[in-house]
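**Q** What follows is the file start-v2.tsv, containing TSV, C-alpha atoms (C1' of nucleotides):
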```tsv
chain	number	residue	atom	x	y	z
A	1	MET	CA	120.89	111.78	90.36
A	2	SER	CA	117.76	109.67	90.16
A	3	LEU	CA	116.27	110.94	86.93
A	4	ARG	CA	118.69	108.75	85.02
A	5	HIS	CA	117.44	105.74	86.95
A	6	ALA	CA	113.85	106.68	86.37
A	7	LEU	CA	114.56	106.71	82.64
A	8	LEU	CA	116.39	103.41	82.79
A	9	GLY	CA	113.43	101.96	84.69
A	10	LEU	CA	110.92	103.07	82.10
A	11	LEU	CA	113.09	101.78	79.28
A	12	ALA	CA	113.35	98.43	81.06
A	13	GLU	CA	109.70	97.94	80.28
A	14	ARG	CA	109.97	98.73	76.61
A	15	PRO	CA	111.93	100.91	74.18
A	16	ALA	CA	110.71	104.45	73.79
A	17	SER	CA	111.59	107.89	72.45
A	18	GLY	CA	112.19	110.95	74.58
A	19	TYR	CA	108.76	112.17	73.68
A	20	ASP	CA	107.16	108.87	74.73
A	21	LEU	CA	108.99	108.95	78.02
A	22	LEU	CA	107.90	112.50	78.60
A	23	LYS	CA	104.26	111.51	78.38
A	24	ARG	CA	104.67	108.42	80.46
A	25	PHE	CA	106.32	110.51	83.12
A	26	ASP	CA	103.37	112.82	83.32
A	27	THR	CA	100.94	109.98	83.84
A	28	SER	CA	102.91	107.89	86.26
A	29	LEU	CA	106.13	109.13	87.81
A	30	ALA	CA	105.33	112.82	87.92
A	31	ASN	CA	103.97	112.42	91.44
A	32	VAL	CA	107.20	111.05	92.85
A	33	TRP	CA	109.84	112.51	90.56
A	34	PRO	CA	108.83	115.44	88.40
A	35	ALA	CA	111.05	116.22	85.44
A	36	THR	CA	110.96	118.72	82.64
A	37	GLN	CA	111.29	118.14	78.94
A	38	SER	CA	114.65	119.90	78.75
A	39	GLN	CA	116.08	117.79	81.48
A	40	MET	CA	114.94	114.54	79.97
A	41	TYR	CA	116.38	115.10	76.53
A	42	GLY	CA	119.67	116.12	78.07
A	43	GLU	CA	119.75	113.11	80.34
A	44	LEU	CA	118.95	110.74	77.48
A	45	SER	CA	121.95	112.06	75.55
A	46	LYS	CA	124.17	111.50	78.54
A	47	LEU	CA	122.85	107.99	79.09
A	48	ALA	CA	123.49	107.14	75.45
A	49	ALA	CA	127.00	108.58	75.66
A	50	ALA	CA	127.61	106.44	78.75
A	51	GLY	CA	126.42	103.33	76.91
A	52	LEU	CA	123.52	102.60	79.25
A	53	ILE	CA	121.02	103.03	76.45
A	54	THR	CA	121.31	103.03	72.64
A	55	VAL	CA	119.40	104.50	69.75
A	56	SER	CA	117.67	101.40	68.42
A	57	ALA	CA	115.57	103.03	65.71
A	58	GLU	CA	114.97	106.38	64.06
A	59	GLY	CA	111.56	107.46	62.91
A	60	PRO	CA	109.91	110.43	61.24
A	61	ARG	CA	110.53	113.95	62.53
A	62	GLY	CA	113.91	113.00	63.92
A	63	ARG	CA	112.37	110.60	66.38
A	64	LYS	CA	114.95	108.48	68.18
A	65	GLU	CA	113.92	105.32	69.89
A	66	TYR	CA	116.08	104.31	72.82
A	67	THR	CA	116.63	100.80	74.13
A	68	LEU	CA	118.18	99.73	77.40
A	69	THR	CA	121.55	98.01	77.06
A	70	ASP	CA	122.82	95.21	79.28
A	71	GLU	CA	125.00	97.74	81.07
A	72	GLY	CA	121.93	99.90	81.58
A	73	MET	CA	120.00	97.02	83.10
A	74	ALA	CA	122.93	96.19	85.35
A	75	GLU	CA	123.07	99.79	86.52
A	76	LEU	CA	119.34	99.77	87.20
A	77	ARG	CA	119.57	96.59	89.26
A	78	HIS	CA	122.58	97.97	91.10
A	79	TRP	CA	120.69	101.12	91.97
A	80	LEU	CA	117.71	99.13	93.22
A	81	THR	CA	119.59	96.69	95.37
A	82	GLU	CA	122.84	98.28	96.44
A	83	THR	CA	122.08	101.92	97.02
A	84	ARG	CA	119.91	103.68	99.56
A	85	PRO	CA	118.25	107.03	99.23
A	86	GLN	CA	120.56	109.50	100.92
A	87	ARG	CA	119.01	112.92	100.74
A	88	THR	CA	116.53	113.92	103.40
A	89	PRO	CA	113.40	114.88	101.54
A	90	ARG	CA	112.68	118.59	101.90
A	91	SER	CA	109.23	119.60	103.04
A	92	ASP	CA	108.12	123.11	102.32
A	93	THR	CA	104.87	122.40	104.12
A	94	LEU	CA	106.49	121.20	107.31
A	95	LEU	CA	109.06	123.97	107.32
A	96	ARG	CA	106.28	126.51	107.61
A	97	VAL	CA	104.88	124.71	110.62
A	98	PHE	CA	108.00	125.56	112.61
A	99	PHE	CA	107.32	129.24	112.21
A	100	LEU	CA	103.57	129.44	112.67
A	101	GLY	CA	104.28	131.07	116.01
A	102	VAL	CA	104.84	134.40	114.33
A	103	LEU	CA	101.20	134.44	113.26
A	104	PRO	CA	98.13	135.09	115.40
A	105	ARG	CA	96.68	131.78	116.52
A	106	GLU	CA	93.68	131.91	114.25
A	107	GLN	CA	95.92	132.27	111.21
A	108	ALA	CA	98.06	129.37	112.38
A	109	THR	CA	94.93	127.25	112.73
A	110	ALA	CA	93.81	128.35	109.28
A	111	TYR	CA	97.08	127.08	107.84
A	112	LEU	CA	96.49	123.68	109.39
A	113	THR	CA	92.89	123.40	108.28
A	114	GLY	CA	94.07	124.43	104.84
A	115	LEU	CA	96.39	121.43	104.91
A	116	MET	CA	93.47	119.21	105.86
A	117	ASP	CA	91.53	120.40	102.85
A	118	HIS	CA	94.55	119.99	100.62
A	119	SER	CA	95.05	116.42	101.81
A	120	ASP	CA	91.44	115.63	101.06
A	121	GLU	CA	91.79	117.00	97.56
A	122	GLU	CA	94.98	115.08	96.90
A	123	TYR	CA	93.37	111.95	98.23
A	124	GLU	CA	90.44	112.32	95.89
A	125	ALA	CA	92.72	113.09	92.96
A	126	LEU	CA	94.61	109.85	93.61
A	127	ARG	CA	91.34	107.93	93.86
A	128	ALA	CA	90.33	109.38	90.50
A	129	LEU	CA	93.70	108.42	89.05
A	130	GLU	CA	93.24	104.91	90.43
A	131	ARG	CA	89.85	104.62	88.74
A	132	SER	CA	91.19	105.96	85.45
A	133	ILE	CA	93.93	103.38	85.12
A	134	ASP	CA	93.37	100.05	83.48
A	135	TRP	CA	95.13	97.90	86.05
A	136	GLY	CA	96.61	94.82	84.47
A	137	GLU	CA	98.91	92.11	85.64
A	138	ASP	CA	102.03	93.75	84.25
A	139	GLN	CA	104.80	94.83	86.56
A	140	LEU	CA	104.17	98.54	86.37
A	141	SER	CA	100.56	97.90	87.32
A	142	VAL	CA	101.50	95.85	90.36
A	143	TYR	CA	104.12	98.28	91.62
A	144	GLY	CA	102.35	101.39	90.43
A	145	ARG	CA	99.36	100.34	92.53
A	146	ILE	CA	101.62	99.91	95.54
A	147	ALA	CA	103.08	103.37	95.05
A	148	LEU	CA	99.60	104.82	94.71
A	149	GLU	CA	98.58	103.19	97.96
A	150	TYR	CA	101.44	105.02	99.60
A	151	GLY	CA	100.03	108.31	98.35
A	152	LEU	CA	96.57	107.47	99.66
A	153	ARG	CA	97.87	106.54	103.09
A	154	LEU	CA	100.13	109.58	103.20
A	155	ASN	CA	97.25	111.93	102.58
A	156	GLU	CA	95.05	110.20	105.13
A	157	MET	CA	97.80	110.50	107.68
A	158	GLN	CA	98.40	114.12	106.81
A	159	ARG	CA	94.76	115.01	107.22
A	160	GLU	CA	94.51	113.37	110.63
A	161	TRP	CA	97.75	114.93	111.75
A	162	ALA	CA	96.58	118.40	110.70
A	163	ARG	CA	93.31	117.84	112.53
A	164	TRP	CA	95.18	116.78	115.64
A	165	ALA	CA	97.52	119.77	115.39
A	166	ALA	CA	94.69	122.27	114.92
A	167	ASP	CA	92.93	120.82	117.98
A	168	ARG	CA	96.11	121.05	119.97
A	169	LEU	CA	96.40	124.77	119.36
A	170	ARG	CA	93.13	125.35	121.19
B	1	MET	CA	113.73	129.32	97.58
B	2	SER	CA	112.77	128.33	101.09
B	3	LEU	CA	116.12	128.47	102.79
B	4	ARG	CA	115.80	132.22	103.01
B	5	HIS	CA	112.50	131.83	104.79
B	6	ALA	CA	113.92	129.25	107.13
B	7	LEU	CA	116.60	131.75	108.11
B	8	LEU	CA	114.08	134.54	108.52
B	9	GLY	CA	112.02	132.21	110.70
B	10	LEU	CA	114.91	131.39	112.98
B	11	LEU	CA	115.90	135.04	113.25
B	12	ALA	CA	112.32	135.91	114.15
B	13	GLU	CA	112.89	134.12	117.43
B	14	ARG	CA	116.12	135.91	118.27
B	15	PRO	CA	119.18	137.50	116.62
B	16	ALA	CA	121.97	135.11	115.73
B	17	SER	CA	125.18	134.73	113.73
B	18	GLY	CA	125.62	132.46	110.75
B	19	TYR	CA	127.43	130.03	112.95
B	20	ASP	CA	124.61	130.02	115.51
B	21	LEU	CA	122.06	129.42	112.82
B	22	LEU	CA	124.11	126.60	111.42
B	23	LYS	CA	123.98	124.76	114.71
B	24	ARG	CA	120.33	125.46	115.29
B	25	PHE	CA	119.61	124.06	111.85
B	26	ASP	CA	121.32	120.83	112.68
B	27	THR	CA	119.28	120.30	115.79
B	28	SER	CA	115.89	121.35	114.52
B	29	LEU	CA	115.26	122.05	110.87
B	30	ALA	CA	117.74	119.61	109.37
B	31	ASN	CA	115.01	116.97	109.16
B	32	VAL	CA	112.76	119.06	106.99
B	33	TRP	CA	115.16	121.37	105.18
B	34	PRO	CA	118.83	120.40	105.19
B	35	ALA	CA	121.30	123.14	104.32
B	36	THR	CA	125.04	123.38	104.13
B	37	GLN	CA	127.33	125.91	105.69
B	38	SER	CA	128.30	127.39	102.33
B	39	GLN	CA	124.74	127.91	101.36
B	40	MET	CA	123.79	129.58	104.59
B	41	TYR	CA	126.54	132.17	104.62
B	42	GLY	CA	125.75	133.04	101.04
B	43	GLU	CA	122.07	133.36	101.72
B	44	LEU	CA	122.65	135.55	104.76
B	45	SER	CA	124.65	137.98	102.63
B	46	LYS	CA	121.86	138.12	100.11
B	47	LEU	CA	119.23	138.65	102.79
B	48	ALA	CA	121.28	141.50	104.26
B	49	ALA	CA	121.73	143.05	100.82
B	50	ALA	CA	117.97	142.84	100.31
B	51	GLY	CA	117.34	144.58	103.62
B	52	LEU	CA	115.41	141.70	105.20
B	53	ILE	CA	118.01	141.33	107.92
B	54	THR	CA	120.77	143.62	109.23
B	55	VAL	CA	124.08	143.17	111.00
B	56	SER	CA	123.14	144.26	114.50
B	57	ALA	CA	126.45	143.53	116.20
B	58	GLU	CA	129.97	142.40	115.43
B	59	GLY	CA	131.89	140.19	117.79
B	60	PRO	CA	135.27	138.52	118.03
B	61	ARG	CA	136.62	136.46	115.13
B	62	GLY	CA	134.62	138.45	112.63
B	63	ARG	CA	131.35	137.26	114.08
B	64	LYS	CA	128.36	139.07	112.65
B	65	GLU	CA	125.09	138.98	114.47
B	66	TYR	CA	122.04	139.35	112.27
B	67	THR	CA	118.68	140.74	113.29
B	68	LEU	CA	115.40	140.52	111.41
B	69	THR	CA	114.15	143.84	110.06
B	70	ASP	CA	110.52	144.86	109.77
B	71	GLU	CA	110.68	144.11	106.06
B	72	GLY	CA	112.06	140.67	106.91
B	73	MET	CA	109.20	139.98	109.29
B	74	ALA	CA	106.71	141.14	106.70
B	75	GLU	CA	108.27	138.81	104.15
B	76	LEU	CA	108.12	135.93	106.60
B	77	ARG	CA	104.43	136.56	107.33
B	78	HIS	CA	103.72	136.88	103.64
B	79	TRP	CA	105.40	133.57	102.93
B	80	LEU	CA	103.43	131.86	105.69
B	81	THR	CA	100.03	133.17	104.79
B	82	GLU	CA	100.00	134.02	101.12
B	83	THR	CA	102.08	131.36	99.42
B	84	ARG	CA	101.61	127.67	99.01
B	85	PRO	CA	104.28	125.02	98.52
B	86	GLN	CA	104.44	124.42	94.80
B	87	ARG	CA	107.03	121.77	94.10
B	88	THR	CA	105.99	118.13	94.34
B	89	PRO	CA	108.32	116.55	96.87
B	90	ARG	CA	110.62	114.02	95.23
B	91	SER	CA	110.81	110.58	96.74
B	92	ASP	CA	113.80	108.49	95.91
B	93	THR	CA	112.34	105.64	97.96
B	94	LEU	CA	109.04	105.59	96.14
B	95	LEU	CA	110.63	105.95	92.73
B	96	ARG	CA	112.41	102.65	93.26
B	97	VAL	CA	109.13	100.94	94.06
B	98	PHE	CA	107.94	101.53	90.50
B	99	PHE	CA	110.78	99.46	89.15
B	100	LEU	CA	110.94	96.58	91.60
B	101	GLY	CA	109.53	94.42	88.83
B	102	VAL	CA	112.97	94.08	87.27
B	103	LEU	CA	114.14	92.20	90.37
B	104	PRO	CA	113.30	88.62	91.39
B	105	ARG	CA	110.40	88.69	93.78
B	106	GLU	CA	112.44	87.85	96.84
B	107	GLN	CA	114.68	90.83	96.24
B	108	ALA	CA	111.66	93.06	95.78
B	109	THR	CA	110.29	91.82	99.09
B	110	ALA	CA	113.65	92.40	100.71
B	111	TYR	CA	113.54	96.02	99.58
B	112	LEU	CA	110.17	96.47	101.26
B	113	THR	CA	111.15	94.78	104.50
B	114	GLY	CA	114.24	96.95	104.47
B	115	LEU	CA	111.95	99.96	104.36
B	116	MET	CA	110.04	98.60	107.33
B	117	ASP	CA	113.24	98.35	109.33
B	118	HIS	CA	114.29	101.78	108.25
B	119	SER	CA	110.98	103.25	109.33
B	120	ASP	CA	111.36	101.64	112.73
B	121	GLU	CA	114.81	103.10	113.14
B	122	GLU	CA	113.68	106.56	112.11
B	123	TYR	CA	110.77	106.31	114.46
B	124	GLU	CA	113.01	105.43	117.36
B	125	ALA	CA	115.45	108.19	116.45
B	126	LEU	CA	112.61	110.71	116.56
B	127	ARG	CA	111.45	109.35	119.91
B	128	ALA	CA	114.99	109.77	121.22
B	129	LEU	CA	115.06	113.32	119.88
B	130	GLU	CA	111.76	113.99	121.56
B	131	ARG	CA	113.11	112.80	124.90
B	132	SER	CA	116.30	114.81	124.53
B	133	ILE	CA	114.55	118.12	124.05
B	134	ASP	CA	113.55	120.31	126.94
B	135	TRP	CA	110.05	121.15	125.77
B	136	GLY	CA	108.99	124.54	127.02
B	137	GLU	CA	106.07	126.82	126.35
B	138	ASP	CA	107.89	128.84	123.73
B	139	GLN	CA	106.67	128.92	120.18
B	140	LEU	CA	109.36	126.74	118.68
B	141	SER	CA	108.58	124.10	121.29
B	142	VAL	CA	104.89	124.10	120.49
B	143	TYR	CA	105.35	123.95	116.74
B	144	GLY	CA	108.49	121.87	116.81
B	145	ARG	CA	106.53	119.25	118.73
B	146	ILE	CA	103.82	119.34	116.10
B	147	ALA	CA	106.36	118.87	113.32
B	148	LEU	CA	107.93	115.99	115.21
B	149	GLU	CA	104.56	114.33	115.56
B	150	TYR	CA	104.30	114.45	111.79
B	151	GLY	CA	107.56	112.53	111.52
B	152	LEU	CA	106.38	109.92	114.00
B	153	ARG	CA	103.12	109.38	112.17
B	154	LEU	CA	104.85	109.32	108.81
B	155	ASN	CA	107.18	106.55	109.87
B	156	GLU	CA	104.36	104.55	111.40
B	157	MET	CA	102.42	104.85	108.20
B	158	GLN	CA	105.43	103.92	106.12
B	159	ARG	CA	106.10	100.79	108.15
B	160	GLU	CA	102.51	99.60	107.85
B	161	TRP	CA	102.42	100.38	104.15
B	162	ALA	CA	105.65	98.45	103.54
B	163	ARG	CA	104.25	95.51	105.49
B	164	TRP	CA	101.07	95.60	103.44
B	165	ALA	CA	103.04	95.82	100.19
B	166	ALA	CA	105.33	92.93	101.09
B	167	ASP	CA	102.30	90.79	101.94
B	168	ARG	CA	100.67	91.74	98.69
B	169	LEU	CA	103.61	90.42	96.68
B	170	ARG	CA	102.98	86.92	98.01
C	1	DG	C1'	152.10	126.88	123.17
C	2	DG	C1'	148.86	124.48	120.82
C	3	DG	C1'	144.59	121.89	119.96
C	4	DG	C1'	139.96	122.58	119.32
C	5	DC	C1'	136.41	125.30	118.36
C	6	DC	C1'	134.52	129.63	116.48
C	7	DA	C1'	133.67	131.93	112.35
C	8	DT	C1'	133.39	133.24	107.60
C	9	DG	C1'	134.14	132.89	103.07
C	10	DT	C1'	135.19	131.31	97.73
C	11	DA	C1'	135.17	128.20	93.61
C	12	DA	C1'	133.72	124.35	90.88
C	13	DT	C1'	130.21	121.50	89.75
C	14	DC	C1'	125.63	119.55	89.28
C	15	DG	C1'	120.78	118.86	88.92
C	16	DG	C1'	116.64	121.27	87.96
C	17	DT	C1'	113.69	125.14	86.03
C	18	DT	C1'	112.25	128.44	82.63
C	19	DA	C1'	112.26	130.21	78.30
C	20	DC	C1'	113.32	130.17	73.75
C	21	DA	C1'	113.83	128.06	69.18
C	22	DT	C1'	112.95	125.09	65.34
C	23	DG	C1'	110.87	122.16	62.24
C	24	DA	C1'	108.36	117.80	60.44
C	25	DT	C1'	104.09	115.24	60.00
C	26	DT	C1'	99.34	114.19	60.30
C	27	DG	C1'	94.59	114.63	59.86
C	28	DA	C1'	90.38	117.42	59.65
D	1	DT	C1'	95.80	124.37	53.93
D	2	DC	C1'	96.42	124.95	58.43
D	3	DA	C1'	96.09	123.77	63.24
D	4	DA	C1'	97.46	120.39	66.37
D	5	DT	C1'	100.64	117.40	67.70
D	6	DC	C1'	105.05	115.12	67.34
D	7	DA	C1'	109.75	115.74	68.28
D	8	DT	C1'	114.20	117.49	69.68
D	9	DG	C1'	117.23	120.66	71.16
D	10	DT	C1'	119.94	125.08	73.37
D	11	DA	C1'	120.91	128.83	76.75
D	12	DA	C1'	120.51	131.30	80.99
D	13	DC	C1'	119.81	131.00	85.55
D	14	DC	C1'	119.23	129.25	90.30
D	15	DG	C1'	119.66	126.57	94.36
D	16	DA	C1'	122.31	122.93	96.43
D	17	DT	C1'	126.56	120.15	97.19
D	18	DT	C1'	131.43	119.43	97.80
D	19	DA	C1'	135.83	120.91	98.55
D	20	DC	C1'	139.01	124.10	99.66
D	21	DA	C1'	140.89	128.04	102.28
D	22	DT	C1'	141.80	131.09	106.05
D	23	DG	C1'	142.37	132.88	110.40
D	24	DG	C1'	141.03	134.39	115.24
D	25	DC	C1'	140.06	133.25	119.98
D	26	DC	C1'	139.83	130.48	124.23
D	27	DC	C1'	141.22	127.35	127.52
D	28	DC	C1'	144.09	123.64	129.11
```
Please lay out the structure from this file as structure tokens.
**A**
Amino acid sequence: MSLRHALLGLLAERPASGYDLLKRFDTSLANVWPATQSQMYGELSKLAAAGLITVSAEGPRGRKEYTLTDEGMAELRHWLTETRPQRTPRSDTLLRVFFLGVLPREQATAYLTGLMDHSDEEYEALRALERSIDWGEDQLSVYGRIALEYGLRLNEMQREWARWAADRLR
Amino acid sequence: MSLRHALLGLLAERPASGYDLLKRFDTSLANVWPATQSQMYGELSKLAAAGLITVSAEGPRGRKEYTLTDEGMAELRHWLTETRPQRTPRSDTLLRVFFLGVLPREQATAYLTGLMDHSDEEYEALRALERSIDWGEDQLSVYGRIALEYGLRLNEMQREWARWAADRLR
DNA sequence: GGGGCCATGTAATCGGTTACATGATTGA
DNA sequence: TCAATCATGTAACCGATTACATGGCCCC
């Protein structure tokens, strides 16, 4: 149930409408916690009903601007400091590795070299994202940069691991 | 919908009952694709209904032994070679990083050093797992070892990244 | 005999995905 | 005026989680 916390986190920065949040998701959090439009509007309603956010303004076209309440901020801080991630992240990619034995060796190797290529592409996409962002001194810049570094290192690691694994099969 | 492929993959090695598969999950695939008992029995019924596996024997206590059919093997090969993972993996851990700015700096640092410790523990747990397994020449040994290496490298990377990030906050 | 394990299943709930539906406003 | 964008919502479905439920078999 982390989408609610993602929304609280974004609203901690500044008030926003569902539509605003949707766009900010796509350009920042989508890489670590994808969410759909349907889900976000539903979650915002629930958060408002729970008193963690409130409708602070209404604009044209039925636009509703949400603002974090004190309770919402308390919940956000609680989530950050008192709770630990509990679910093991699922990896579709790694699951396949377990079963590569049912393929002829050359196809197994092809899977691994495919992963190398994919890691390279992801790495470059993150570099491009890094260049496209106007990094300031604000908090989301500082921590967003740290999260992006994680992605860069992850893809480097993945490429080297896939190279090692492909070599090992020979 | 990867649980079905995980089950097909395990049954490709040898026939097994739901109960067998449950235990084999816990000792091998649980780190990349956790699944509950309820889910597995349900999925096995669906796979049997779809003709990808069949009940090849019935034992005491209502035990049903499932065997992969040719269609099941074809589906497994198709999944391995023709499809790519599509969902972005969600990371609860990384999501929090984006919002560390709402905490006083020392608490943000504490979160990162906590991640370092956690990575060390995970690393050691994987090393212990590695020692506890009787690595043979069979396919699941070869590829299981490769998957485990991924986990080791991931945790190493994560520890170094967290160290770097904590330093950066100073 | 009885405790522990083997073995399978159902029901309720939840978070997430896909698709559908609707309409207001703005700017070229 | 009309296309693009802003803006919110509903409904159906699916996979995953939690809890509950049941009973047979084996060995001490």
**Q** Around (104.2, 130.8, 118.7) in the file's frame, which residues reach within 7 Å when counting only C-alpha atoms (C1' of nucleotides)? Return as an mmCIF file with C-alpha atoms, keeping the file's coordinate frame?
**A**
```cif
data_model
loop_
_atom_site.group_PDB
_atom_site.id
_atom_site.type_symbol
_atom_site.label_atom_id
_atom_site.label_comp_id
_atom_site.auth_asym_id
_atom_site.auth_seq_id
_atom_site.Cartn_x
_atom_site.Cartn_y
_atom_site.Cartn_z
ATOM 1 C CA LEU A 100 103.570 129.440 112.670
ATOM 2 C CA GLY A 101 104.280 131.070 116.010
ATOM 3 C CA VAL A 102 104.840 134.400 114.330
ATOM 4 C CA ASP B 138 107.890 128.840 123.730
ATOM 5 C CA GLN B 139 106.670 128.920 120.180
ATOM 6 C CA LEU B 140 109.360 126.740 118.680
ATOM 7 C CA VAL B 142 104.890 124.100 120.490
#
```
**Q** Taking 6 positions as the minimum chain separation for residues in the same chain, which residues sit within 12 Å of DC26 in chain D when counting only C-alpha atoms (C1' of nucleotides)? Answer as a list in words.
**A**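 Returned residues: Pro60 and Arg61 of chain B; DG2, DG3, DG4, DC5 and DC6 of chain C.
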**Q** Keeping only C-alpha atoms (C1' of nucleotides), write the selected residues as an mmCIF file, keeping the file's coordinate frame.
**A**
```
data_model
loop_
_atom_site.group_PDB
_atom_site.id
_atom_site.type_symbol
_atom_site.label_atom_id
_atom_site.label_comp_id
_atom_site.auth_asym_id
_atom_site.auth_seq_id
_atom_site.Cartn_x
_atom_site.Cartn_y
_atom_site.Cartn_z
ATOM 1 C CA PRO B 60 135.270 138.520 118.030
ATOM 2 C CA ARG B 61 136.620 136.460 115.130
ATOM 3 C "C1'" DG C 2 148.860 124.480 120.820
ATOM 4 C "C1'" DG C 3 144.590 121.890 119.960
ATOM 5 C "C1'" DG C 4 139.960 122.580 119.320
ATOM 6 C "C1'" DC C 5 136.410 125.300 118.360
ATOM 7 C "C1'" DC C 6 134.520 129.630 116.480
#
```
**Q** So what do you get for CA of Gly72 in chain B versus CA of Thr88 in chain A, distance-wise?
**A** 27.3 Å
**Q** Kindly provide, as a PyMOL selection string, the residues of chain C having any atom no farther than 10 Å from an atom of chain B, counting all atoms listed in the file.
**A** chain C and resi 6-10
**Q** State, in Å with one decimal place, the distance from CA of Ala16 in chain B to CA of Glu65 in chain B.
**A**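 Interatomic distance, CA of Ala16 in chain B to CA of Glu65 in chain B: 5.1 Å.
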**Q** What separation in Å, quoted to one decimal, exists between CA of Arg131 in chain B and CA of Ala147 in chain B?
**A**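 Distance between the two atoms: 14.7 Å.
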**Q** Could the residues of chain A that have an atom at most 6 Å from chain B be listed as a Markdown table, each with its closest atom pair and the distance in Å to one decimal, counting only C-alpha atoms and ordered by chain and ascending residue number?
**A**
```
| residue | atom | partner | partner_atom | distance |
| --- | --- | --- | --- | --- |
| A:Gly9 | CA | B:Phe99 | CA | 5.8 |
| A:Val32 | CA | B:Arg90 | CA | 5.1 |
| A:Trp33 | CA | B:Arg90 | CA | 5.0 |
| A:Pro85 | CA | B:Asp92 | CA | 5.7 |
| A:Arg90 | CA | B:Trp33 | CA | 5.0 |
| A:Ser91 | CA | B:Val32 | CA | 5.3 |
| A:Asp92 | CA | B:Pro85 | CA | 5.7 |
| A:Phe98 | CA | B:Tyr143 | CA | 5.2 |
| A:Phe99 | CA | B:Gly9 | CA | 5.8 |
| A:Gly101 | CA | B:Gln139 | CA | 5.3 |
| A:Gln139 | CA | B:Gly101 | CA | 5.3 |
| A:Tyr143 | CA | B:Phe98 | CA | 5.1 |
| A:Gly144 | CA | B:Phe98 | CA | 5.6 |
```
**Q** Given a cut-off of 10 Å, which residues of chain D touch chain B, counting only C-alpha atoms (C1' of nucleotides), written out as a PyMOL selection string?
**A** chain D and resi 14-18+23-25
